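Asker: I am sharing my_file07.txt, which consists of compact mmCIF, C-alpha atoms:
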# COMPACT_ATOMS: atom_id res chain seq x y z
CA MET U 928 68.74 -33.42 24.17
CA ASP U 929 71.95 -31.42 23.49
CA GLU U 930 70.06 -28.18 24.00
CA LEU U 931 68.67 -29.38 27.34
CA ILE U 932 72.13 -30.55 28.43
CA LEU U 933 73.60 -27.10 27.75
CA GLU U 934 70.67 -25.42 29.53
CA LEU U 935 71.18 -27.70 32.55
CA LYS U 936 74.88 -26.92 32.68
CA GLN U 937 74.13 -23.19 32.70
CA LYS U 938 71.45 -23.50 35.37
CA ILE U 939 73.64 -25.66 37.60
CA VAL U 940 76.57 -23.26 37.38
CA GLU U 941 74.23 -20.40 38.30
CA ALA U 942 72.24 -22.18 41.04
CA LEU U 943 75.28 -23.66 42.75
CA ASN U 944 77.44 -20.55 42.27
CA LEU U 945 80.25 -22.56 40.66
CA GLU U 946 82.41 -19.48 40.16
CA ASP U 947 85.38 -21.18 38.53
CA VAL U 948 83.41 -23.50 36.25
CA LYS U 949 82.23 -22.61 32.75
CA PRO U 950 79.18 -24.52 31.49
CA GLU U 951 81.11 -25.73 28.42
CA ASP U 952 83.82 -27.19 30.66
CA ILE U 953 81.42 -29.61 32.36
CA ASP U 954 81.50 -33.16 31.00
CA GLU U 955 77.83 -34.23 30.81
CA ASN U 956 78.85 -37.84 31.49
CA ALA U 957 81.03 -37.08 34.52
CA ALA U 958 79.81 -37.67 38.07
CA LEU U 959 78.13 -34.68 39.70
CA PHE U 960 78.94 -35.85 43.21
CA GLY U 961 82.23 -37.18 44.51
CA ASP U 962 85.03 -37.08 41.97
CA GLY U 963 83.44 -35.11 39.10
CA LEU U 964 82.05 -31.69 39.97
CA GLY U 965 82.46 -32.49 43.66
CA LEU U 966 78.95 -31.48 44.71
CA ASP U 967 77.65 -32.19 48.21
CA SER U 968 74.36 -32.83 50.02
CA ILE U 969 73.36 -29.14 50.10
CA ASP U 970 73.86 -29.05 46.33
CA ALA U 971 71.57 -32.08 46.05
CA LEU U 972 68.80 -30.11 47.74
CA GLU U 973 69.43 -27.20 45.35
CA LEU U 974 69.10 -29.60 42.39
CA ILE U 975 65.81 -31.00 43.73
CA VAL U 976 64.43 -27.43 43.93
CA LEU U 977 65.78 -26.73 40.43
CA LEU U 978 63.92 -29.73 39.00
CA ASP U 979 60.68 -28.67 40.69
CA LYS U 980 60.86 -24.97 39.86
CA THR U 981 62.12 -25.17 36.28
CA TYR U 982 60.72 -28.44 34.98
CA GLY U 983 57.78 -29.15 37.28
CA ILE U 984 59.24 -32.42 38.52
CA ARG U 985 58.74 -33.39 42.15
CA LEU U 986 60.79 -36.31 43.31
CA ALA U 987 58.46 -38.54 45.31
CA ASP U 988 61.18 -40.96 46.34
CA PRO U 989 64.45 -39.33 47.50
CA LYS U 990 66.24 -42.61 46.69
CA GLU U 991 65.58 -41.93 43.02
CA GLY U 992 67.92 -38.94 43.29
CA ARG U 993 71.02 -41.10 43.42
CA GLU U 994 70.44 -42.33 39.86
CA ILE U 995 68.89 -39.14 38.46
CA PHE U 996 71.71 -36.91 39.70
CA ARG U 997 74.48 -39.26 38.60
CA SER U 998 75.49 -36.93 35.75
CA ILE U 999 74.13 -34.07 33.67
CA ARG U 1000 73.12 -36.61 31.02
CA THR U 1001 71.08 -38.77 33.44
CA MET U 1002 69.38 -35.59 34.69
CA ALA U 1003 68.55 -34.54 31.13
CA GLU U 1004 67.16 -37.98 30.30
CA TYR U 1005 64.94 -37.96 33.40
CA ILE U 1006 63.73 -34.40 32.69
CA THR U 1007 62.87 -35.29 29.07
CA LYS U 1008 60.65 -38.16 30.27
CA HIS U 1009 58.97 -36.48 33.24
CA ARG U 1010 58.85 -32.71 32.71
CA THR U 1011 55.49 -30.98 33.15
CA LYS U 1012 56.70 -27.55 32.06
CA MET J 1168 93.60 -14.16 91.09
CA LYS J 1169 92.39 -13.51 87.58
CA ASN J 1170 94.57 -14.29 84.57
CA ARG J 1171 95.71 -11.32 82.56
CA VAL J 1172 94.42 -11.09 78.98
CA TYR J 1173 96.83 -10.18 76.17
CA ILE J 1174 96.11 -9.32 72.56
CA ASN J 1175 98.64 -11.29 70.51
CA GLY J 1176 97.28 -11.05 66.99
CA SER J 1177 95.05 -8.77 64.97
CA CYS J 1178 93.76 -8.09 61.49
CA ALA J 1179 91.41 -5.44 60.16
CA ILE J 1180 89.60 -5.47 56.83
CA SER J 1181 88.15 -2.01 56.44
CA SER J 1182 87.54 0.85 54.05
CA GLN J 1183 91.26 1.62 54.37
CA PRO J 1184 94.19 -0.52 53.15
CA THR J 1185 94.63 -1.93 56.65
CA PHE J 1186 94.80 -5.54 55.50
CA GLU J 1187 97.99 -5.41 53.46
CA GLY J 1188 99.76 -2.41 54.92
CA ASP J 1189 101.31 -1.69 58.23
CA PHE J 1190 99.48 0.36 60.81
CA LEU J 1191 97.64 3.17 59.03
CA ASP J 1192 100.04 3.37 56.08
CA ASN J 1193 98.75 4.75 52.78
CA ILE J 1194 95.56 6.00 54.39
CA ASN J 1195 93.33 8.48 52.62
CA GLU J 1196 90.49 10.16 54.41
CA ASN J 1197 87.44 10.04 52.17
CA VAL J 1198 85.21 13.02 52.98
CA GLN J 1199 83.06 12.90 49.83
CA ASP J 1200 81.19 9.58 50.14
CA ASN J 1201 78.43 8.85 52.65
CA VAL J 1202 79.18 5.12 52.37
CA LEU J 1203 82.80 3.94 52.43
CA PRO J 1204 83.32 0.70 50.49
CA VAL J 1205 85.51 -1.89 52.13
CA ILE J 1206 88.85 -2.77 50.50
CA GLU J 1207 88.61 -6.52 50.16
CA PRO J 1208 91.59 -8.86 50.06
CA ASN J 1209 91.93 -11.62 47.50
CA TYR J 1210 89.86 -14.20 49.36
CA ARG J 1211 91.06 -17.04 47.13
CA ASP J 1212 94.52 -16.73 48.63
CA TYR J 1213 93.01 -17.89 51.94
CA ILE J 1214 89.89 -19.97 51.20
CA ALA J 1215 89.62 -23.03 48.94
CA PRO J 1216 87.34 -22.60 45.87
CA PRO J 1217 84.81 -25.33 46.84
CA ALA J 1218 84.22 -23.62 50.19
CA ILE J 1219 84.19 -20.03 48.96
CA ARG J 1220 81.33 -20.40 46.50
CA ARG J 1221 78.62 -20.32 49.17
CA MET J 1222 80.15 -17.63 51.35
CA SER J 1223 78.80 -14.11 51.64
CA ARG J 1224 81.20 -11.19 52.08
CA ALA J 1225 80.76 -11.17 55.87
CA VAL J 1226 81.82 -14.80 56.05
CA LYS J 1227 84.77 -14.29 53.71
CA MET J 1228 85.95 -11.18 55.56
CA GLY J 1229 85.59 -12.98 58.89
CA ILE J 1230 87.52 -16.06 57.82
CA VAL J 1231 90.36 -14.17 56.17
CA ALA J 1232 90.74 -11.70 59.06
CA SER J 1233 90.69 -14.63 61.51
CA LYS J 1234 93.39 -16.53 59.66
CA ARG J 1235 95.59 -13.45 59.49
CA ALA J 1236 95.17 -12.69 63.20
CA LEU J 1237 95.87 -16.31 64.17
CA GLY J 1238 98.94 -16.33 61.91
CA GLU J 1239 100.30 -13.24 63.58
CA ALA J 1240 99.75 -14.76 67.02
CA CYS J 1241 101.40 -18.02 65.85
CA LEU J 1242 98.30 -19.92 66.97
CA GLU J 1243 96.78 -22.61 64.74
CA LEU J 1244 93.68 -23.51 66.72
CA PRO J 1245 91.95 -21.22 69.22
CA GLU J 1246 90.17 -22.76 72.19
CA ALA J 1247 87.08 -20.61 71.62
CA ILE J 1248 85.58 -18.34 68.98
CA ALA J 1249 83.45 -15.31 69.86
CA VAL J 1250 82.09 -13.07 67.12
CA GLY J 1251 80.06 -9.88 67.42
CA THR J 1252 77.85 -8.69 64.57
CA GLY J 1253 75.17 -6.05 64.46
CA MET J 1254 73.36 -7.22 61.34
CA GLY J 1255 74.78 -10.67 60.64
CA CYS J 1256 74.64 -12.13 57.15
CA VAL J 1257 72.42 -9.52 55.52
CA GLN J 1258 73.30 -10.58 51.98
CA ASP J 1259 71.92 -14.12 52.38
CA SER J 1260 68.99 -12.98 54.52
CA GLU J 1261 67.94 -10.66 51.70
CA LYS J 1262 68.49 -13.37 49.10
CA PHE J 1263 66.33 -15.84 51.00
CA LEU J 1264 63.52 -13.38 51.73
CA ARG J 1265 63.54 -12.17 48.12
CA ALA J 1266 63.17 -15.78 46.96
CA VAL J 1267 60.22 -16.23 49.36
CA LEU J 1268 58.49 -13.26 47.74
CA ASP J 1269 59.49 -13.91 44.12
CA ASN J 1270 58.50 -17.58 44.23
CA GLU J 1271 55.36 -17.06 46.32
CA GLU J 1272 56.77 -19.12 49.18
CA GLN J 1273 57.56 -22.06 46.88
CA TYR J 1274 60.86 -23.50 45.68
CA LEU J 1275 62.95 -22.21 48.57
CA THR J 1276 66.56 -23.21 48.21
CA PRO J 1277 68.54 -24.25 51.28
CA THR J 1278 71.84 -22.43 50.80
CA ALA J 1279 70.68 -18.85 51.41
CA PHE J 1280 68.59 -19.97 54.39
CA ILE J 1281 71.47 -21.86 55.99
CA GLN J 1282 73.84 -18.96 55.43
CA SER J 1283 71.44 -16.23 56.54
CA THR J 1284 71.74 -16.74 60.28
CA HIS J 1285 73.82 -14.36 62.37
CA ASN J 1286 76.09 -17.14 63.63
CA THR J 1287 77.14 -18.22 60.13
CA VAL J 1288 80.42 -16.27 60.35
CA ALA J 1289 81.56 -17.87 63.62
CA GLY J 1290 80.36 -21.27 62.40
CA GLN J 1291 82.20 -21.05 59.09
CA ILE J 1292 85.39 -19.91 60.82
CA ALA J 1293 85.14 -22.98 63.07
CA LEU J 1294 84.60 -25.23 60.05
CA GLU J 1295 87.60 -23.74 58.25
CA LEU J 1296 89.80 -24.15 61.32
CA GLN J 1297 88.20 -27.42 62.42
CA CYS J 1298 87.76 -25.76 65.80
CA LYS J 1299 85.45 -27.70 68.10
CA GLY J 1300 85.72 -25.33 71.05
CA ALA J 1301 83.09 -22.92 72.33
CA ASN J 1302 81.52 -20.94 69.50
CA PHE J 1303 79.43 -17.89 70.33
CA THR J 1304 77.89 -15.08 68.32
CA PHE J 1305 76.73 -11.87 69.98
CA VAL J 1306 74.14 -9.65 68.33
CA ASP J 1307 73.70 -6.52 70.39
CA GLY J 1308 73.72 -3.43 68.16
CA SER J 1309 76.73 -1.20 68.68
CA THR J 1310 77.99 -3.31 71.60
CA SER J 1311 78.07 -6.62 69.68
CA PHE J 1312 81.88 -6.66 69.52
CA GLU J 1313 82.20 -5.63 73.17
CA SER J 1314 79.89 -8.51 74.16
CA ALA J 1315 82.08 -11.01 72.30
CA LEU J 1316 85.24 -9.46 73.73
CA SER J 1317 83.87 -9.54 77.26
CA ASP J 1318 82.81 -13.19 76.99
CA ALA J 1319 86.18 -14.37 75.70
CA ALA J 1320 88.11 -12.24 78.19
CA MET J 1321 86.10 -13.59 81.14
CA GLN J 1322 86.74 -17.18 80.07
CA ILE J 1323 90.49 -16.49 79.93
CA GLU J 1324 90.49 -14.55 83.21
CA LEU J 1325 88.73 -17.43 84.96
CA GLY J 1326 91.15 -19.96 83.51
CA ASP J 1327 88.46 -21.86 81.56
CA ILE J 1328 90.43 -21.37 78.35
CA ARG J 1329 93.92 -20.10 77.56
CA ASN J 1330 93.21 -18.32 74.28
CA ALA J 1331 90.35 -17.22 72.04
CA LEU J 1332 89.63 -15.73 68.64
CA VAL J 1333 87.42 -12.65 68.93
CA GLY J 1334 86.07 -10.42 66.21
CA GLY J 1335 83.52 -7.94 64.98
CA VAL J 1336 82.07 -8.16 61.48
CA ASP J 1337 79.31 -6.50 59.47
CA GLU J 1338 78.44 -6.41 55.78
CA ASN J 1339 76.18 -4.13 53.75
CA THR J 1340 73.99 -4.59 50.71
CA PRO J 1341 72.63 -1.91 48.34
CA TYR J 1342 69.05 -2.46 49.60
CA CYS J 1343 70.15 -2.29 53.23
CA LEU J 1344 72.01 0.98 52.59
CA GLU J 1345 68.94 2.42 50.87
CA ILE J 1346 66.82 1.67 53.96
CA TYR J 1347 69.44 3.16 56.29
CA GLU J 1348 69.53 6.33 54.22
CA LEU J 1349 65.73 6.64 54.36
CA ASP J 1350 65.90 6.17 58.15
CA ASN J 1351 68.57 8.91 58.50
CA ILE J 1352 71.09 6.40 59.80
CA ILE J 1353 73.29 7.43 56.86
CA LYS J 1354 73.89 11.10 56.13
CA PRO J 1355 72.47 12.39 52.83
CA ARG J 1356 74.99 12.62 49.97
CA HIS J 1357 74.40 16.34 49.40
CA GLU J 1358 75.90 17.15 52.82
CA ALA J 1359 79.40 16.26 51.60
CA PRO J 1360 82.16 16.97 52.49
CA PHE J 1361 81.64 15.04 55.71
CA SER J 1362 83.39 15.50 59.04
CA ILE J 1363 83.05 13.62 62.31
CA THR J 1364 83.29 16.91 64.17
CA ASP J 1365 80.36 18.39 62.25
CA ALA J 1366 77.27 17.00 63.97
CA ARG J 1367 74.66 19.41 62.65
CA SER J 1368 72.57 16.64 61.11
CA LYS J 1369 71.43 13.12 61.91
CA GLY J 1370 73.25 10.12 60.53
CA VAL J 1371 76.78 8.93 59.94
CA VAL J 1372 79.11 8.06 57.10
CA PHE J 1373 78.46 4.33 56.92
CA SER J 1374 80.72 1.41 56.17
CA GLU J 1375 81.41 -2.25 56.92
CA GLY J 1376 84.35 -4.46 57.78
CA ALA J 1377 85.86 -7.21 59.91
CA SER J 1378 88.41 -6.86 62.71
CA PHE J 1379 89.64 -9.99 64.47
CA PHE J 1380 91.95 -10.52 67.43
CA VAL J 1381 93.67 -13.35 69.26
CA LEU J 1382 93.42 -13.11 73.03
CA SER J 1383 95.67 -15.16 75.24
CA ASP J 1384 96.68 -15.56 78.88
CA GLU J 1385 100.30 -15.50 77.77
CA ARG J 1386 102.19 -12.62 76.21
CA ASN J 1387 104.68 -13.12 73.42
CA GLU J 1388 106.86 -11.01 71.12
CA HIS J 1389 103.81 -10.04 69.03
CA THR J 1390 101.69 -8.82 71.96
CA TYR J 1391 99.97 -5.52 71.28
CA ALA J 1392 98.54 -4.72 74.69
CA ALA J 1393 96.74 -6.10 77.72
CA LEU J 1394 92.97 -5.96 77.90
CA ALA J 1395 92.21 -4.66 81.38
CA ASP J 1396 88.42 -4.27 81.28
CA VAL J 1397 85.30 -4.00 79.11
CA ASP J 1398 81.90 -2.63 80.06
CA PHE J 1399 78.81 -1.81 78.05
CA ARG J 1400 75.24 -0.73 78.76
CA ASN J 1401 72.19 -0.28 76.58
CA ASP J 1402 70.86 2.70 78.53
CA VAL J 1403 73.23 5.02 80.34
CA PRO J 1404 71.49 7.80 82.26
CA ASP J 1405 74.76 9.61 82.95
CA THR J 1406 77.84 9.02 80.79
CA GLY J 1407 80.07 10.74 83.37
CA VAL J 1408 78.98 8.33 86.13
CA PHE J 1409 79.39 5.38 83.74
CA ILE J 1410 83.01 6.37 83.02
CA GLY J 1411 83.74 7.27 86.67
CA ASP J 1412 82.49 3.90 87.92
CA PHE J 1413 84.47 2.08 85.23
CA LEU J 1414 87.72 3.84 86.18
CA SER J 1415 87.08 3.31 89.91
CA ARG J 1416 86.64 -0.43 89.56
CA ASN J 1417 90.01 -0.48 87.78
CA ASN J 1418 91.61 1.62 90.56
CA LEU J 1419 92.28 4.42 88.11
CA ASP J 1420 91.74 8.15 88.23
CA ILE J 1421 90.76 10.29 85.24
CA ASP J 1422 94.34 11.54 84.99
CA ASP J 1423 95.67 7.98 84.75
CA ILE J 1424 94.23 7.68 81.24
CA ASP J 1425 96.82 8.77 78.67
CA LEU J 1426 94.69 8.54 75.53
CA MET J 1427 91.00 8.35 74.83
CA LEU J 1428 89.88 6.86 71.53
CA SER J 1429 86.47 8.31 70.85
CA GLY J 1430 83.92 6.82 68.48
CA ARG J 1431 82.68 10.34 67.56
CA ASN J 1432 80.84 9.98 64.29
CA GLY J 1433 79.27 13.32 63.33
CA ASN J 1434 75.74 12.18 64.28
CA SER J 1435 73.66 14.83 66.05
CA GLU J 1436 71.88 12.04 67.98
CA ASP J 1437 75.18 10.90 69.49
CA LEU J 1438 76.56 14.31 70.32
CA ALA J 1439 75.61 14.49 74.01
CA GLY J 1440 77.38 11.26 75.00
CA PHE J 1441 80.58 12.06 73.11
CA ASP J 1442 80.66 15.66 74.37
CA THR J 1443 80.23 14.50 77.98
CA ALA J 1444 82.89 11.79 77.70
CA GLU J 1445 85.44 13.97 75.92
CA THR J 1446 84.91 16.90 78.30
CA LEU J 1447 85.31 14.64 81.32
CA MET J 1448 88.56 13.09 80.12
CA ARG J 1449 91.48 15.51 80.36
CA CYS J 1450 93.85 13.39 78.25
CA THR J 1451 94.51 13.55 74.51
CA LYS J 1452 91.57 12.42 72.40
CA LEU J 1453 91.92 10.42 69.18
CA TYR J 1454 89.35 9.56 66.51
CA TYR J 1455 88.95 6.76 64.00
CA LYS J 1456 85.52 6.83 62.38
CA HIS J 1457 86.60 9.41 59.79
CA LEU J 1458 88.84 6.58 58.51
CA SER J 1459 86.63 3.52 59.02
CA GLY J 1460 83.14 4.98 58.75
CA ASP J 1461 80.55 3.86 61.27
CA TYR J 1462 78.73 0.54 61.54
CA PHE J 1463 77.57 -1.68 64.37
CA THR J 1464 80.99 -3.25 64.92
CA ALA J 1465 83.12 -0.21 64.04
CA SER J 1466 84.42 -0.21 67.62
CA ALA J 1467 86.35 -3.39 66.70
CA PHE J 1468 88.25 -1.22 64.22
CA GLY J 1469 88.78 1.31 67.04
CA PHE J 1470 90.12 -1.54 69.18
CA TRP J 1471 92.53 -2.43 66.34
CA VAL J 1472 93.70 1.21 66.18
CA ALA J 1473 94.25 1.36 69.96
CA CYS J 1474 96.18 -1.94 69.92
CA ASN J 1475 98.48 -0.58 67.23
CA VAL J 1476 99.01 2.73 69.01
CA LEU J 1477 100.01 0.90 72.18
CA ARG J 1478 102.38 -1.53 70.48
CA SER J 1479 104.03 1.02 68.20
CA GLY J 1480 104.04 3.82 70.77
CA HIS J 1481 103.18 6.07 67.86
CA VAL J 1482 100.12 8.32 67.51
CA PRO J 1483 99.57 9.07 63.81
CA GLN J 1484 98.32 12.56 63.01
CA LEU J 1485 95.64 10.84 60.92
CA LEU J 1486 93.86 10.06 64.18
CA LYS J 1487 93.36 13.83 64.61
CA PRO J 1488 94.75 14.06 68.16
CA VAL J 1489 93.24 16.79 70.29
CA GLY J 1490 95.99 17.72 72.75
CA THR J 1491 99.56 16.54 72.89
CA PRO J 1492 99.93 12.83 73.64
CA SER J 1493 102.06 12.08 76.68
CA GLU J 1494 105.50 10.62 75.94
CA GLU J 1495 104.66 7.27 77.42
CA VAL J 1496 101.19 5.92 76.72
CA ARG J 1497 100.17 3.34 79.34
CA ASN J 1498 96.37 3.43 79.57
CA VAL J 1499 94.03 3.84 76.60
CA LEU J 1500 90.28 4.19 77.04
CA ILE J 1501 87.99 3.43 74.09
CA TYR J 1502 84.53 4.98 74.29
CA ASN J 1503 81.72 4.31 71.84
CA GLN J 1504 77.95 4.56 71.42
CA PHE J 1505 75.37 4.60 68.65
CA ARG J 1506 72.30 6.84 68.54
CA GLY J 1507 72.61 7.46 72.26
CA LYS J 1508 72.30 3.74 73.02
CA GLY J 1509 74.76 0.93 73.54
CA GLN J 1510 77.53 2.84 75.28
CA SER J 1511 80.77 0.98 75.79
CA LEU J 1512 84.16 1.38 77.47
CA ILE J 1513 87.29 -0.70 76.85
CA LEU J 1514 90.51 -0.25 78.81
CA LEU J 1515 93.76 -1.30 77.15
CA GLN J 1516 97.14 -1.17 78.85
CA LYS J 1517 100.71 -1.15 77.62
CA VAL J 1518 102.70 -4.31 78.32
Can the structure in the file be given as structure tokens, please?
Answerer:
Amino acid sequence: MDELILELKQKIVEALNLEDVKPEDIDENAALFGDGLGLDSIDALELIVLLDKTYGIRLADPKEGREIFRSIRTMAEYITKHRTK
Amino acid sequence: MKNRVYINGSCAISSQPTFEGDFLDNINENVQDNVLPVIEPNYRDYIAPPAIRRMSRAVKMGIVASKRALGEACLELPEAIAVGTGMGCVQDSEKFLRAVLDNEEQYLTPTAFIQSTHNTVAGQIALELQCKGANFTFVDGSTSFESALSDAAMQIELGDIRNALVGGVDENTPYCLEIYELDNIIKPRHEAPFSITDARSKGVVFSEGASFFVLSDERNEHTYAALADVDFRNDVPDTGVFIGDFLSRNNLDIDDIDLMLSGRNGNSEDLAGFDTAETLMRCTKLYYKHLSGDYFTASAFGFWVACNVLRSGHVPQLLKPVGTPSEEVRNVLIYNQFRGKGQSLILLQKV
């Protein structure tokens, strides 16, 4: 799990072009949207594509995203259970 | 009665240190490179980190130049924004198209697509300023800036708006430059040293940049000049007639023009138009593309040079004057074209 969390942090920094953020500085339990990393709706779309492209996960119900993208840890837990690649 | 249009603020980001310095201070003419890299400001001094992370260089240059020009004009919120760009946001267009190919049309991310459109620069400027006024982008080759300028000026002249932010911006990418070089738009490196007066071969020394201006119906202590007229045509059968008609409609004679700022660029394809225009005009000629390089909105840099000449009353030798400038410069004519197409004339007057 720790390895996947670190990988996710790196991929998120790269995909969202978070220039001032180092992967190791991201708290895996902090909120991705709102107060934590401060991501927005365009970032949410980027994360959906990231899940599909890297882990073979297609979100059938967009409402699921709210819980899955709550933090890096919730993303990692969901990926561990549902990844196809 | 039309309102008069004044230029009250300006900022140029170019291949010269025009952003930080005063008018053409610390300039070095680079005759060795066929592409002149732009000297970029520290964008983070002007744009918040959460916003900057998605912005391409064209957007960043446009926003920073806009903020500087507005600051100089002491205007917080323009009533309209008009931006000219020849190529738009090439960086994000390339990124998006590359992703289409690399991922076999799957997994397309939204950011590059959203940012790839030509009107991204004007849109992002509006978002930064929270400007809800008219927002137009003009894409018309070498007359893109003139189109934007003309639109904003007409709105002010007619009294629809009292002020506007107008600019020209273009960015390059390594792939884009490679294509231009293959197409002889850029001169081959081995022809260095380059000179705008040496037009033996096709192509130009290429560059990029952003030049923005604040137009207003009211002059103030920062006013550079008055914009009297703009005209541009895609095809001009006779450059002499084009200039003659332009001067006539402004009730001017050839000898009323004190300075001509020519967009001469060393391209053999452009030689005829520049030769005709410069032979016709008997006044002192000045040049700027040996400093800025050429690109689709380079004439916006020329406009910035002319504004500064008029306000300072000083003609720097760096502009390679041909002839002795008259003691009092009142009328400046800017002439430009690209590959024989998109000819333009701008008339600026001292205030």
Asker: Which one is closest to chain J: U:Glu973, U:Glu991, U:Asp962, U:Glu955? Count only C-alpha atoms.
Answerer: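 Among U:Glu973, U:Glu991, U:Asp962, U:Glu955, it is U:Glu973 that comes nearest to chain J.
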Asker: Show me a table, sorted first by chain and then by increasing residue number, of the residues of chain U having an atom at most 7 Å from chain J, each with its shortest atom pair and the distance in Å to one decimal, counting only C-alpha atoms and written as a tab-separated table.
Answerer:
residue	atom	partner	partner_atom	distance
U:Asn944	CA	J:Arg1220	CA	5.7
U:Leu945	CA	J:Arg1220	CA	6.3
U:Glu946	CA	J:Arg1220	CA	6.5
U:Ile969	CA	J:Thr1278	CA	6.9
U:Leu972	CA	J:Pro1277	CA	6.9
U:Glu973	CA	J:Thr1276	CA	5.7
U:Val976	CA	J:Tyr1274	CA	5.6
U:Lys980	CA	J:Tyr1274	CA	6.0
Asker: If you measure from CA of Gln1516 in chain J to CA of Phe1468 in chain J, what distance in Å do you get, rounded to one decimal?
Answerer: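 We find that CA of Gln1516 in chain J and CA of Phe1468 in chain J lie 17.1 Å from each other.
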Asker: Could you tell me how far CA of Val1518 in chain J lies from CA of Ala1473 in chain J, in Å and to one decimal?
Answerer: 13.2 Å
Asker: Identify, on the basis of only C-alpha atoms, every residue whose closest approach to Phe1186 in chain J does not exceed 9 Å; exclude the query and any residue fewer than 6 positions from it along the same chain; express the result as a list in words.
Answerer: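 Here the answer would be Cys1178, Ala1179, Ile1180, Ile1206, Glu1207, Pro1208, Ala1232 and Arg1235 of chain J.
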Asker: Have a look at U:Asp947, U:Asp954, U:Asp970, U:Glu930 and name the one nearest to Gly992 in chain U; count only C-alpha atoms.
Answerer: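 Between U:Asp947, U:Asp954, U:Asp970, U:Glu930, the residue approaching Gly992 in chain U most closely is U:Asp970.
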Asker: Rank nothing, just name the residue among U:Ala942, U:Leu974, U:Ala958, U:Leu986 nearest to Thr1001 in chain U, using only C-alpha atoms.
Answerer: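 The shortest atom-to-atom distance to Thr1001 in chain U comes from U:Ala958.
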Asker: Tell me, as an MDAnalysis selection string, which residues lie within 8 Å of range 1332-1339 of chain J, counting only C-alpha atoms; anything in the same chain fewer than 4 positions away does not count.
Answerer: chainID J and resid 1224:1225 1228:1229 1233 1237 1245:1258 1311:1312 1315:1316 1319 1343:1344 1374:1382 1462:1465 1467
Asker: Taking C-alpha atoms for each residue, export the selection above as a PDB file, in the frame of the given file.
Answerer:
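Saved file again17.pdb follows:
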ATOM      1  CA  ARG J1224      81.200 -11.190  52.080  1.00  0.00           C
ATOM      2  CA  ALA J1225      80.760 -11.170  55.870  1.00  0.00           C
ATOM      3  CA  MET J1228      85.950 -11.180  55.560  1.00  0.00           C
ATOM      4  CA  GLY J1229      85.590 -12.980  58.890  1.00  0.00           C
ATOM      5  CA  SER J1233      90.690 -14.630  61.510  1.00  0.00           C
ATOM      6  CA  LEU J1237      95.870 -16.310  64.170  1.00  0.00           C
ATOM      7  CA  PRO J1245      91.950 -21.220  69.220  1.00  0.00           C
ATOM      8  CA  GLU J1246      90.170 -22.760  72.190  1.00  0.00           C
ATOM      9  CA  ALA J1247      87.080 -20.610  71.620  1.00  0.00           C
ATOM     10  CA  ILE J1248      85.580 -18.340  68.980  1.00  0.00           C
ATOM     11  CA  ALA J1249      83.450 -15.310  69.860  1.00  0.00           C
ATOM     12  CA  VAL J1250      82.090 -13.070  67.120  1.00  0.00           C
ATOM     13  CA  GLY J1251      80.060  -9.880  67.420  1.00  0.00           C
ATOM     14  CA  THR J1252      77.850  -8.690  64.570  1.00  0.00           C
ATOM     15  CA  GLY J1253      75.170  -6.050  64.460  1.00  0.00           C
ATOM     16  CA  MET J1254      73.360  -7.220  61.340  1.00  0.00           C
ATOM     17  CA  GLY J1255      74.780 -10.670  60.640  1.00  0.00           C
ATOM     18  CA  CYS J1256      74.640 -12.130  57.150  1.00  0.00           C
ATOM     19  CA  VAL J1257      72.420  -9.520  55.520  1.00  0.00           C
ATOM     20  CA  GLN J1258      73.300 -10.580  51.980  1.00  0.00           C
ATOM     21  CA  SER J1311      78.070  -6.620  69.680  1.00  0.00           C
ATOM     22  CA  PHE J1312      81.880  -6.660  69.520  1.00  0.00           C
ATOM     23  CA  ALA J1315      82.080 -11.010  72.300  1.00  0.00           C
ATOM     24  CA  LEU J1316      85.240  -9.460  73.730  1.00  0.00           C
ATOM     25  CA  ALA J1319      86.180 -14.370  75.700  1.00  0.00           C
ATOM     26  CA  CYS J1343      70.150  -2.290  53.230  1.00  0.00           C
ATOM     27  CA  LEU J1344      72.010   0.980  52.590  1.00  0.00           C
ATOM     28  CA  SER J1374      80.720   1.410  56.170  1.00  0.00           C
ATOM     29  CA  GLU J1375      81.410  -2.250  56.920  1.00  0.00           C
ATOM     30  CA  GLY J1376      84.350  -4.460  57.780  1.00  0.00           C
ATOM     31  CA  ALA J1377      85.860  -7.210  59.910  1.00  0.00           C
ATOM     32  CA  SER J1378      88.410  -6.860  62.710  1.00  0.00           C
ATOM     33  CA  PHE J1379      89.640  -9.990  64.470  1.00  0.00           C
ATOM     34  CA  PHE J1380      91.950 -10.520  67.430  1.00  0.00           C
ATOM     35  CA  VAL J1381      93.670 -13.350  69.260  1.00  0.00           C
ATOM     36  CA  LEU J1382      93.420 -13.110  73.030  1.00  0.00           C
ATOM     37  CA  TYR J1462      78.730   0.540  61.540  1.00  0.00           C
ATOM     38  CA  PHE J1463      77.570  -1.680  64.370  1.00  0.00           C
ATOM     39  CA  THR J1464      80.990  -3.250  64.920  1.00  0.00           C
ATOM     40  CA  ALA J1465      83.120  -0.210  64.040  1.00  0.00           C
ATOM     41  CA  ALA J1467      86.350  -3.390  66.700  1.00  0.00           C
TER      42      ALA J1467
END
Asker: Do you have the CA of Ser1435 in chain J-CA of Gly1370 in chain J distance handy?
Answerer: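 If I compute the distance from CA of Ser1435 in chain J to CA of Gly1370 in chain J, I get 7.3 Å.
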Asker: Using all atoms listed in the file, which protein or nucleic acid residues come within 12 Å of Ser998 in chain U? Drop anything in the same chain fewer than 5 positions from it, and give the result as a ChimeraX atom specification.
Answerer: /U:932,935-936,939,953-966,974,992-993,1003-1005
